[in-house]
Amino acid sequence: MPRDTTAYAFPATIEADIPADILEHDADMRALRHQIHAHPELAYEEFRTSDLVADKLTEWGYTVTRGIGGTGLVGTLKVGDSPRTVGVRADMDALPIQEATGKSYASRQAGKMHACGHDGHTATLLAAARHLARTRDFDGTLHLIFQPAEEGLAGARKMIEDGLFERFPCDAVFAYHNMPGFPVGKIGFRAGPAMASSDTVVITVHGRGGHGSMPHESVDPVLVASHIVVALQSIVSRNVDPRRMAVVTVGAIQGGDAPNVIPDSVELRLSVRAHTPQVREQLRDRIIELVNAQAGVFGAHVDIDYRWRYPALINDIDMTEFAREVALAWVGQQGVMDDFEPLTGSEDFSFMLEQCAGSYLIIGNGEGAGGCMVHNPHYDFNDALLPIGATYWTRLVERFLSTEKPA
């Protein structure tokens, strides 16, 4: 019998086949998501969330390995005798933001909230985990990766350093992010560069302080820093190929306390982003060269703390096409967004893709009220995505670990 999926906000022209078992337990999965949402935990503090995930996976028959990358864990389910393996990752951490949604399940932790939807990513993968454990309609090994500290502290890298792919080898690894501003449930794919690298640069300009009435006796670091800020704008416009994406943003300037005192130093903080390793390296080299040159002109000197953080997220071409074909077979072309524009935000799943072929996809979180951007105190994950995402992960795993034997 066809299943009614209209409550899940798919485009009206799509007949989406969501398994009855996923629909039957959708209310439970929503309640679980709300439970995680009400108790947000910051990077490497995801103890309660990790306990909840481990308990559910154990209950459903997974072998659970904890303490990978701190609070990270992997749930493993082996069915049949195929050597094929696949990994699916969800992030668990929250953000240091005071929630303003007014929801009944809003954060109970002051100054912390799930403002990026990691509660939904975790609940989605758990909903898929439950269904896959019940049906076991695959042949091979499934690794469900629940990762801490995606928000700026590189939990993916920490898990890798703890031997993630040596201990849980994967032929491919996949993940998704909800995406406000796109229609609910539409699934987007992009091969190649899909998200930007993200590096932080802290520049300390050292001058010689003095009285504001006698600037000629000083080396004014405020003036030097101002020239550096202006000069930095030339890098993207005049050094980087205009066909390539690059961002150099000065997000903070700190120095001085009084209007009549020239300080000894000024600090600049930069966010630097690119879609390719080549442009990323070019930005680093040019920033260091330009900052030193500008400081030298005025007789100042600088300390540059260049923090190499997240690499660009580059999706494997073959695995992205595979993931896209899974969606097309389920929801058709109208339910798919092909080649969405590369995002300038960053994601530490990029570290996993450096180690293992795979793909990172997006699922629309909604337009209008549902399009409130992430990292916003009014944001909330759209619960309609839970059965959609769970069904997609189920289909992807079953197809990747197909029980059909080659002729």
# chains A, B, ... in the order shown; residues from 1 in each chain; ligands from 1
$ residues_around --residues "Ile253 (chain A)" --least-positions-apart "5" --cutoff "7 Å" --atoms "only C-alpha atoms" --output "number ranges by chain"
A: 267-269
$ residues_around --residues "region 105-119 of chain A" --least-positions-apart "2" --cutoff "8 Å" --atoms "only C-alpha atoms" --output "mmCIF file with C-alpha atoms, in the first residue's frame"
data_model
loop_
_atom_site.group_PDB
_atom_site.id
_atom_site.type_symbol
_atom_site.label_atom_id
_atom_site.label_comp_id
_atom_site.auth_asym_id
_atom_site.auth_seq_id
_atom_site.Cartn_x
_atom_site.Cartn_y
_atom_site.Cartn_z
ATOM 1 C CA ARG A 33 15.930 14.977 18.899
ATOM 2 C CA HIS A 34 14.126 17.326 21.285
ATOM 3 C CA GLN A 35 15.826 15.650 24.235
ATOM 4 C CA ILE A 36 19.250 16.259 22.680
ATOM 5 C CA HIS A 37 18.238 19.814 21.776
ATOM 6 C CA ALA A 38 17.204 20.604 25.352
ATOM 7 C CA HIS A 39 20.567 19.429 26.684
ATOM 8 C CA PRO A 40 23.183 20.910 24.328
ATOM 9 C CA GLU A 41 26.848 20.162 24.938
ATOM 10 C CA LEU A 42 29.836 22.039 23.555
ATOM 11 C CA ALA A 90 26.849 12.640 12.242
ATOM 12 C CA ASP A 91 28.148 15.474 14.435
ATOM 13 C CA MET A 92 26.952 15.934 18.020
ATOM 14 C CA ASP A 93 28.221 19.258 19.438
ATOM 15 C CA ALA A 94 26.340 22.480 20.109
ATOM 16 C CA LEU A 95 27.346 26.160 20.039
ATOM 17 C CA PRO A 96 27.938 28.829 22.728
ATOM 18 C CA ILE A 97 24.777 30.787 21.824
ATOM 19 C CA GLN A 98 21.802 31.763 23.999
ATOM 20 C CA GLU A 99 18.686 30.216 22.433
ATOM 21 C CA THR A 101 13.344 30.115 19.807
ATOM 22 C CA GLY A 102 10.835 29.887 22.644
ATOM 23 C CA LYS A 103 10.266 26.210 21.834
ATOM 24 C CA HIS A 121 21.923 15.072 12.265
ATOM 25 C CA THR A 122 22.413 12.732 15.240
ATOM 26 C CA ALA A 123 18.714 11.859 15.474
ATOM 27 C CA HIS A 177 24.080 18.947 6.664
ATOM 28 C CA ASN A 178 20.648 20.501 6.844
ATOM 29 C CA VAL A 374 22.348 28.341 11.261
ATOM 30 C CA HIS A 375 24.402 29.876 14.095
ATOM 31 C CA ASN A 376 21.414 32.097 14.834
ATOM 32 C CA PRO A 377 19.630 32.133 18.239
ATOM 33 C CA HIS A 378 16.266 31.664 16.453
ATOM 34 C CA TYR A 379 17.342 28.656 14.366
ATOM 35 C CA ASP A 380 15.811 25.195 14.827
ATOM 36 C CA PHE A 381 16.276 21.952 12.915
#
$ closest_atom_pairs --of "region 193-246 of chain A" --to "region 131-154 of chain A" --cutoff "12 Å" --atoms "only C-alpha atoms" --output "JSON lines"
{"residue": "A:Ser197", "atom": "CA", "partner": "A:Gly152", "partner_atom": "CA", "distance": 11.8}
{"residue": "A:Ser198", "atom": "CA", "partner": "A:Gly152", "partner_atom": "CA", "distance": 9.3}
{"residue": "A:Asp199", "atom": "CA", "partner": "A:Gly152", "partner_atom": "CA", "distance": 10.3}
{"residue": "A:Thr200", "atom": "CA", "partner": "A:Gly152", "partner_atom": "CA", "distance": 10.6}
$ residues_around --residues "Pro342 (chain A)" --least-positions-apart "2" --cutoff "8 Å" --atoms "only C-alpha atoms" --output "NGL selection string"
:A and (190 or 193-196 or 340 or 344)
$ closest_residue --among "A:Leu396, A:Ala43, A:Gly69, A:Leu126" --to "Asp28 (chain A)" --atoms "only C-alpha atoms"
A:Leu126
$ closest_residue --among "A:Glu45, A:Thr391, A:Asp316, A:Gln355" --to "Gly155 (chain A)" --atoms "only C-alpha atoms"
A:Glu45
$ closest_atom_pairs --of "region 278-317 of chain A" --to "region 228-246 of chain A" --cutoff "10 Å" --atoms "only C-alpha atoms" --output "Markdown table"
| residue | atom | partner | partner_atom | distance |
| --- | --- | --- | --- | --- |
| A:Val279 | CA | A:Val240 | CA | 7.2 |
| A:Arg280 | CA | A:Ala246 | CA | 8.0 |
| A:Gln282 | CA | A:Val240 | CA | 7.8 |
| A:Leu283 | CA | A:Ile235 | CA | 7.4 |
| A:Arg286 | CA | A:Ile235 | CA | 7.2 |
| A:Ile287 | CA | A:Leu232 | CA | 7.1 |
| A:Leu290 | CA | A:Leu232 | CA | 7.4 |
| A:Val291 | CA | A:Ile228 | CA | 6.1 |
| A:Asn292 | CA | A:Ile228 | CA | 9.2 |
| A:Ala293 | CA | A:Ile228 | CA | 9.2 |
| A:Gln294 | CA | A:Ile228 | CA | 6.2 |
| A:Ala295 | CA | A:Ile228 | CA | 7.7 |
$ write_last_selection --atoms "N, CA, C and O atoms" --output "mmCIF file, in the first residue's frame"
data_model
loop_
_atom_site.group_PDB
_atom_site.id
_atom_site.type_symbol
_atom_site.label_atom_id
_atom_site.label_comp_id
_atom_site.auth_asym_id
_atom_site.auth_seq_id
_atom_site.Cartn_x
_atom_site.Cartn_y
_atom_site.Cartn_z
ATOM 1 N N VAL A 279 44.921 27.777 -3.850
ATOM 2 C CA VAL A 279 44.577 29.141 -3.463
ATOM 3 C C VAL A 279 44.802 29.330 -1.964
ATOM 4 O O VAL A 279 45.249 30.396 -1.517
ATOM 5 N N ARG A 280 44.517 28.308 -1.183
ATOM 6 C CA ARG A 280 44.747 28.388 0.261
ATOM 7 C C ARG A 280 46.211 28.701 0.565
ATOM 8 O O ARG A 280 46.519 29.573 1.387
ATOM 9 N N GLN A 282 48.378 30.021 -1.559
ATOM 10 C CA GLN A 282 48.679 31.335 -2.119
ATOM 11 C C GLN A 282 48.281 32.444 -1.144
ATOM 12 O O GLN A 282 49.030 33.417 -0.956
ATOM 13 N N LEU A 283 47.110 32.315 -0.535
ATOM 14 C CA LEU A 283 46.658 33.311 0.431
ATOM 15 C C LEU A 283 47.611 33.397 1.618
ATOM 16 O O LEU A 283 47.983 34.492 2.055
ATOM 17 N N ARG A 286 50.924 35.104 0.528
ATOM 18 C CA ARG A 286 50.781 36.527 0.220
ATOM 19 C C ARG A 286 50.476 37.337 1.476
ATOM 20 O O ARG A 286 50.977 38.469 1.630
ATOM 21 N N ILE A 287 49.662 36.813 2.377
ATOM 22 C CA ILE A 287 49.354 37.525 3.623
ATOM 23 C C ILE A 287 50.636 37.756 4.429
ATOM 24 O O ILE A 287 50.901 38.871 4.905
ATOM 25 N N LEU A 290 52.844 40.377 2.576
ATOM 26 C CA LEU A 290 52.289 41.722 2.585
ATOM 27 C C LEU A 290 52.345 42.347 3.977
ATOM 28 O O LEU A 290 52.706 43.528 4.123
ATOM 29 N N VAL A 291 51.994 41.583 5.007
ATOM 30 C CA VAL A 291 51.975 42.111 6.369
ATOM 31 C C VAL A 291 53.374 42.528 6.813
ATOM 32 O O VAL A 291 53.575 43.609 7.391
ATOM 33 N N ASN A 292 54.347 41.701 6.520
ATOM 34 C CA ASN A 292 55.720 42.055 6.880
ATOM 35 C C ASN A 292 56.197 43.301 6.134
ATOM 36 O O ASN A 292 56.866 44.167 6.710
ATOM 37 N N ALA A 293 55.842 43.404 4.866
ATOM 38 C CA ALA A 293 56.266 44.552 4.073
ATOM 39 C C ALA A 293 55.629 45.842 4.577
ATOM 40 O O ALA A 293 56.303 46.875 4.705
ATOM 41 N N GLN A 294 54.336 45.800 4.868
ATOM 42 C CA GLN A 294 53.650 46.990 5.364
ATOM 43 C C GLN A 294 54.225 47.450 6.701
ATOM 44 O O GLN A 294 54.442 48.646 6.927
ATOM 45 N N ALA A 295 54.483 46.502 7.580
ATOM 46 C CA ALA A 295 55.051 46.857 8.875
ATOM 47 C C ALA A 295 56.425 47.483 8.705
ATOM 48 O O ALA A 295 56.770 48.479 9.373
#
$ select_by_dssp --residues "region 71-257 of chain A" --states "helix (DSSP H, G or I)" --output "PyMOL selection string"
chain A and resi 118-135+155-161+164-167+215-217+221-238
$ write_last_selection --atoms "C-alpha atoms" --output "PDB file, in the first residue's frame"
ATOM      1  CA  HIS A 118      23.688  18.660  14.958  1.00  0.00           C
ATOM      2  CA  ASP A 119      20.911  17.387  17.208  1.00  0.00           C
ATOM      3  CA  GLY A 120      18.952  16.655  14.032  1.00  0.00           C
ATOM      4  CA  HIS A 121      21.923  15.072  12.265  1.00  0.00           C
ATOM      5  CA  THR A 122      22.413  12.732  15.240  1.00  0.00           C
ATOM      6  CA  ALA A 123      18.714  11.859  15.474  1.00  0.00           C
ATOM      7  CA  THR A 124      18.525  11.255  11.714  1.00  0.00           C
ATOM      8  CA  LEU A 125      21.385   8.769  11.801  1.00  0.00           C
ATOM      9  CA  LEU A 126      19.890   7.057  14.833  1.00  0.00           C
ATOM     10  CA  ALA A 127      16.555   6.697  13.033  1.00  0.00           C
ATOM     11  CA  ALA A 128      18.380   5.084  10.093  1.00  0.00           C
ATOM     12  CA  ALA A 129      20.408   2.924  12.500  1.00  0.00           C
ATOM     13  CA  ARG A 130      17.282   1.540  14.092  1.00  0.00           C
ATOM     14  CA  HIS A 131      15.704   0.656  10.751  1.00  0.00           C
ATOM     15  CA  LEU A 132      18.880  -0.906   9.319  1.00  0.00           C
ATOM     16  CA  ALA A 133      19.330  -3.028  12.444  1.00  0.00           C
ATOM     17  CA  ARG A 134      15.779  -4.311  12.118  1.00  0.00           C
ATOM     18  CA  THR A 135      15.784  -5.054   8.377  1.00  0.00           C
ATOM     19  CA  GLY A 155      36.725  16.565  16.195  1.00  0.00           C
ATOM     20  CA  ALA A 156      37.024  14.736  12.871  1.00  0.00           C
ATOM     21  CA  ARG A 157      40.792  15.187  12.890  1.00  0.00           C
ATOM     22  CA  LYS A 158      40.938  14.014  16.504  1.00  0.00           C
ATOM     23  CA  MET A 159      39.004  10.853  15.653  1.00  0.00           C
ATOM     24  CA  ILE A 160      41.360  10.195  12.737  1.00  0.00           C
ATOM     25  CA  GLU A 161      44.373  10.715  15.006  1.00  0.00           C
ATOM     26  CA  LEU A 164      39.338   5.947  13.145  1.00  0.00           C
ATOM     27  CA  PHE A 165      39.967   4.525   9.694  1.00  0.00           C
ATOM     28  CA  GLU A 166      42.601   2.019  10.803  1.00  0.00           C
ATOM     29  CA  ARG A 167      40.226   0.579  13.385  1.00  0.00           C
ATOM     30  CA  PRO A 215      53.267  61.019  17.463  1.00  0.00           C
ATOM     31  CA  HIS A 216      56.652  61.717  15.874  1.00  0.00           C
ATOM     32  CA  GLU A 217      58.293  60.163  18.933  1.00  0.00           C
ATOM     33  CA  PRO A 221      50.841  50.443  15.547  1.00  0.00           C
ATOM     34  CA  VAL A 222      47.276  51.694  14.987  1.00  0.00           C
ATOM     35  CA  LEU A 223      48.370  53.432  11.804  1.00  0.00           C
ATOM     36  CA  VAL A 224      50.374  50.402  10.717  1.00  0.00           C
ATOM     37  CA  ALA A 225      47.446  48.068  11.400  1.00  0.00           C
ATOM     38  CA  SER A 226      45.150  50.353   9.400  1.00  0.00           C
ATOM     39  CA  HIS A 227      47.448  50.203   6.385  1.00  0.00           C
ATOM     40  CA  ILE A 228      47.660  46.422   6.736  1.00  0.00           C
ATOM     41  CA  VAL A 229      43.849  46.119   6.746  1.00  0.00           C
ATOM     42  CA  VAL A 230      43.575  48.176   3.557  1.00  0.00           C
ATOM     43  CA  ALA A 231      46.437  46.361   1.864  1.00  0.00           C
ATOM     44  CA  LEU A 232      44.952  42.959   2.664  1.00  0.00           C
ATOM     45  CA  GLN A 233      41.960  43.828   0.482  1.00  0.00           C
ATOM     46  CA  SER A 234      44.232  43.784  -2.556  1.00  0.00           C
ATOM     47  CA  ILE A 235      45.033  40.081  -2.206  1.00  0.00           C
ATOM     48  CA  VAL A 236      41.686  38.742  -3.391  1.00  0.00           C
ATOM     49  CA  SER A 237      41.169  41.484  -5.978  1.00  0.00           C
ATOM     50  CA  ARG A 238      44.680  41.567  -7.434  1.00  0.00           C
TER      51      ARG A 238
END
$ residues_around --residues "Gly188 (chain A)" --least-positions-apart "3" --cutoff "9 Å" --atoms "only C-alpha atoms" --output "list in words"
Arg324, Gly335, Val336, Met337, Asp338, Asp339, Phe340, Leu361, Ile362, Ile363 and Gly364 of chain A
$ atom_distance --atom1 "CA of Gln333 (chain A)" --atom2 "CA of Glu367 (chain A)"
19.5 Å
$ residues_around --residues "Tyr306 (chain A)" --least-positions-apart "5" --cutoff "10 Å" --atoms "only C-alpha atoms" --output "ChimeraX atom specification"
/A:199-203,270,272,284,287-288
$ atom_distance --atom1 "CA of Gly181 (chain A)" --atom2 "CA of Glu347 (chain A)"
18.4 Å
$ select_by_dssp --residues "region 2-185 of chain A" --states "strand (DSSP E or B)" --output "PDB file with C-alpha atoms, in the first residue's frame"
ATOM      1  CA  THR A  63      28.875  -3.091  18.604  1.00  0.00           C
ATOM      2  CA  VAL A  64      29.755   0.277  20.136  1.00  0.00           C
ATOM      3  CA  THR A  65      33.296   1.579  20.532  1.00  0.00           C
ATOM      4  CA  ARG A  66      33.637   4.739  22.611  1.00  0.00           C
ATOM      5  CA  GLY A  67      36.348   7.242  23.435  1.00  0.00           C
ATOM      6  CA  ILE A  68      37.425   7.920  19.852  1.00  0.00           C
ATOM      7  CA  GLY A  72      33.235  10.301  19.825  1.00  0.00           C
ATOM      8  CA  LEU A  73      31.983   6.790  19.169  1.00  0.00           C
ATOM      9  CA  VAL A  74      31.413   4.304  16.372  1.00  0.00           C
ATOM     10  CA  GLY A  75      28.543   1.832  16.104  1.00  0.00           C
ATOM     11  CA  THR A  76      29.308  -1.198  13.932  1.00  0.00           C
ATOM     12  CA  LEU A  77      26.873  -3.667  12.406  1.00  0.00           C
ATOM     13  CA  LYS A  78      28.104  -6.539  10.248  1.00  0.00           C
ATOM     14  CA  VAL A  79      25.663  -8.523   8.130  1.00  0.00           C
ATOM     15  CA  THR A  85      32.384  -1.434   4.318  1.00  0.00           C
ATOM     16  CA  VAL A  86      30.714   1.971   4.462  1.00  0.00           C
ATOM     17  CA  GLY A  87      30.709   4.768   7.013  1.00  0.00           C
ATOM     18  CA  VAL A  88      28.085   7.419   7.744  1.00  0.00           C
ATOM     19  CA  ARG A  89      28.929  10.307  10.056  1.00  0.00           C
ATOM     20  CA  ALA A  90      26.849  12.640  12.242  1.00  0.00           C
ATOM     21  CA  ASP A  91      28.148  15.474  14.435  1.00  0.00           C
ATOM     22  CA  LEU A  95      27.346  26.160  20.039  1.00  0.00           C
ATOM     23  CA  MET A 113      22.181  25.727  22.049  1.00  0.00           C
ATOM     24  CA  GLY A 140      28.881  -6.052   4.545  1.00  0.00           C
ATOM     25  CA  THR A 141      29.917  -3.836   7.446  1.00  0.00           C
ATOM     26  CA  LEU A 142      28.298  -0.554   8.450  1.00  0.00           C
ATOM     27  CA  HIS A 143      30.170   1.942  10.632  1.00  0.00           C
ATOM     28  CA  LEU A 144      28.085   4.768  12.113  1.00  0.00           C
ATOM     29  CA  ILE A 145      30.433   7.562  13.179  1.00  0.00           C
ATOM     30  CA  PHE A 146      29.165   9.970  15.847  1.00  0.00           C
ATOM     31  CA  GLN A 147      31.654  12.799  15.989  1.00  0.00           C
ATOM     32  CA  VAL A 173      32.219   7.659   4.012  1.00  0.00           C
ATOM     33  CA  PHE A 174      29.224  10.004   3.796  1.00  0.00           C
ATOM     34  CA  ALA A 175      27.641  12.834   5.799  1.00  0.00           C
ATOM     35  CA  TYR A 176      24.986  15.506   5.382  1.00  0.00           C
ATOM     36  CA  HIS A 177      24.080  18.947   6.664  1.00  0.00           C
ATOM     37  CA  ASN A 178      20.648  20.501   6.844  1.00  0.00           C
ATOM     38  CA  MET A 179      20.579  23.688   4.778  1.00  0.00           C
ATOM     39  CA  PRO A 180      18.200  26.584   5.524  1.00  0.00           C
TER      40      PRO A 180
END
$ closest_residue --among "A:Asn365, A:Pro311, A:His301, A:Phe182" --to "Gly389 (chain A)" --atoms "only C-alpha atoms"
A:Asn365
$ atom_distance --atom1 "CA of Glu398 (chain A)" --atom2 "CA of Ser50 (chain A)"
25.5 Å
$ closest_residue --among "A:Tyr62, A:Tyr310, A:Phe47, A:Tyr392" --to "Ala329 (chain A)" --atoms "only C-alpha atoms"
A:Tyr392
$ closest_residue --among "A:Gly255, A:Val261, A:Ala191, A:Trp330" --to "His211 (chain A)" --atoms "only C-alpha atoms"
A:Val261
